[in-house]
Amino acid sequence: MPMRFSMDKESDQVLFEGKNSVRKVILNKPQKLNALNHEMVTAMLKKLGEYEKDPNIKLIILKGNGKAFCAGGDVQGTIQTATAGHWSYPTIFYGKQLKLDYLVATYKKPVVSLLNGIVMGGGTGLSMHTTFRIVTEKAVFAMPEAAIGLFTDVGASYFLSRLPGHIGEYLGLTGARLTGGEMFACGLATHFVTSKDLPLLENELEKLGSNASSIGEIVKKYSQQPCIKEDSPCMSMELINKCFSKNTVEEVLQALLNERDAHEAANKWIVNGINSMKHACPLSLKISLRLIREGRGQTLAQCLNRDYIVLSNTLSRRIGINFYEGGRAMLIDKDMKPKWEPSKLELVSNEMVDRYFIQLDDEDVKPLQLPAAATSSQEFTIGHARL
């Protein structure tokens, strides 16, 4: 989700530490769950660019202080900036955020993300494209954008669409939360390490020296197989594929309703998924499904460019105001009763969805310009999925 366009001058919002061949990039706003802002993204772009060119640096570690890696962004701030100032301000910043995500994804050196808490929204864009994605039992993943009138952005259509079966559609349409173990089970994480062992792993990585090839061996040394509960959606892949492979959002929802009605004690994830989809923005659900489906056949650069186009149209309010209404109802007034337009799935036409995918013709917002991908860039690597 988009972050606040702010020239916040709080010091040490991102810490850059390390010596020898290892550098650590630490998100350091624990009181705000490490929500990204303009200063943080700008600082990371600059430092990571320098680190990539330094031949003495062999490894980057990304982490967050406190109980979150990064919970996304300041939606209230985004709305306030777009309304009090100009909608193009957060749009331009969002483009810079996507450039950071792309830099991390195409980095010429290994990047390890340590996910020991909440990772949502913009936090997923920063971490899910790294070489090693290490989670603990404290990790919590979610893409809840449709609940506030947004869509699965920051390249989520790329990494969600590459997960086994149709669990990507499940996560994008329901905003469901996954534990660290479930992230590992479905392939979002490459390794699972207990929070007790995480400091030991981090310490050993810091002592890596110049032998970057041993990173995998060190991580494997501390990795474990997490226990997954029987009622986890990750244990119901056949049913998830049956429901979320449908062609339209309406058909997906009906399939879930049929499964619920066919069993006296329906799985909890089915009931929760139905409730989430019924309360989410209908237009956002259809945009998200299209993004994920098209993302399966697109590069990361194509997905990020598409995200920027859809977000630009969303913030401009020229087509609709669902994001502003969702932010008002869920985060500002907190009446929890957003008035979506259209209000029902069946009222959302393909033509309405199409309009969000057309490049905005506005002199204040130029098309997103991503750098040419590095030759060493890798495709999204699914973790040791057990599904």
# chains A, B, ... in the order shown; residues from 1 in each chain; ligands from 1

call {"tool": "residues_around", "arguments": {"residues": "Gly123 (chain A)", "least_positions_apart": "6", "cutoff": "12 Å", "atoms": "only C-alpha atoms", "output": "NGL selection string"}}
result
:A and (1-3 or 27 or 33-37 or 41 or 62-64 or 68-73 or 97-98 or 100-101 or 113-115 or 117 or 129-130 or 139-143 or 153-156)

call {"tool": "residues_around", "arguments": {"residues": "Pro371 (chain A)", "least_positions_apart": "3", "cutoff": "10 Å", "atoms": "only C-alpha atoms", "output": "PDB file with C-alpha atoms, in the first residue's frame"}}
result
ATOM      1  CA  LYS A  99      12.329   1.445  -7.304  1.00  0.00           C
ATOM      2  CA  TYR A 102      13.194  -3.472  -7.644  1.00  0.00           C
ATOM      3  CA  LEU A 103      16.722  -2.641  -6.509  1.00  0.00           C
ATOM      4  CA  THR A 106      17.757  -7.342  -8.758  1.00  0.00           C
ATOM      5  CA  ALA A 301       9.309  -4.981 -13.738  1.00  0.00           C
ATOM      6  CA  LEU A 368       7.562   4.735 -13.747  1.00  0.00           C
ATOM      7  CA  ALA A 374      21.032  -6.540 -13.405  1.00  0.00           C
TER       8      ALA A 374
END

call {"tool": "closest_residue", "arguments": {"among": "A:Leu160, A:Ala82, A:Glu363, A:Lys32", "to": "Lys67 (chain A)", "atoms": "only C-alpha atoms"}}
result
A:Lys32

call {"tool": "residues_around", "arguments": {"residues": "Cys186 (chain A)", "least_positions_apart": "2", "cutoff": "12 Å", "atoms": "only C-alpha atoms", "output": "PyMOL selection string"}}
result
chain A and resi 141+159-168+170-171+178-184+188-192+226+228+232-237+381-387

call {"tool": "select_by_dssp", "arguments": {"residues": "region 129-267 of chain A", "states": "strand (DSSP E or B)", "output": "list in words"}}
result
Phe132, Arg133, Ile134, Val135, Val140, Phe141, Ala142, Leu178, Thr179, His191 and Phe192 of chain A

call {"tool": "write_last_selection", "arguments": {"atoms": "C-alpha atoms", "output": "short mmCIF file (atom, residue, chain, number, x, y, z; two decimals), in the first residue's frame"}}
result
data_model
loop_
_atom_site.label_atom_id
_atom_site.label_comp_id
_atom_site.auth_asym_id
_atom_site.auth_seq_id
_atom_site.Cartn_x
_atom_site.Cartn_y
_atom_site.Cartn_z
CA PHE A 132 16.84 -15.45 1.71
CA ARG A 133 13.56 -14.84 3.54
CA ILE A 134 13.96 -16.14 7.08
CA VAL A 135 10.92 -16.24 9.35
CA VAL A 140 2.83 -12.56 10.63
CA PHE A 141 2.18 -12.02 6.91
CA ALA A 142 -0.85 -10.38 5.29
CA LEU A 178 -0.23 -16.41 7.90
CA THR A 179 2.10 -17.41 10.70
CA HIS A 191 13.77 -20.82 5.86
CA PHE A 192 12.23 -21.11 9.32
#
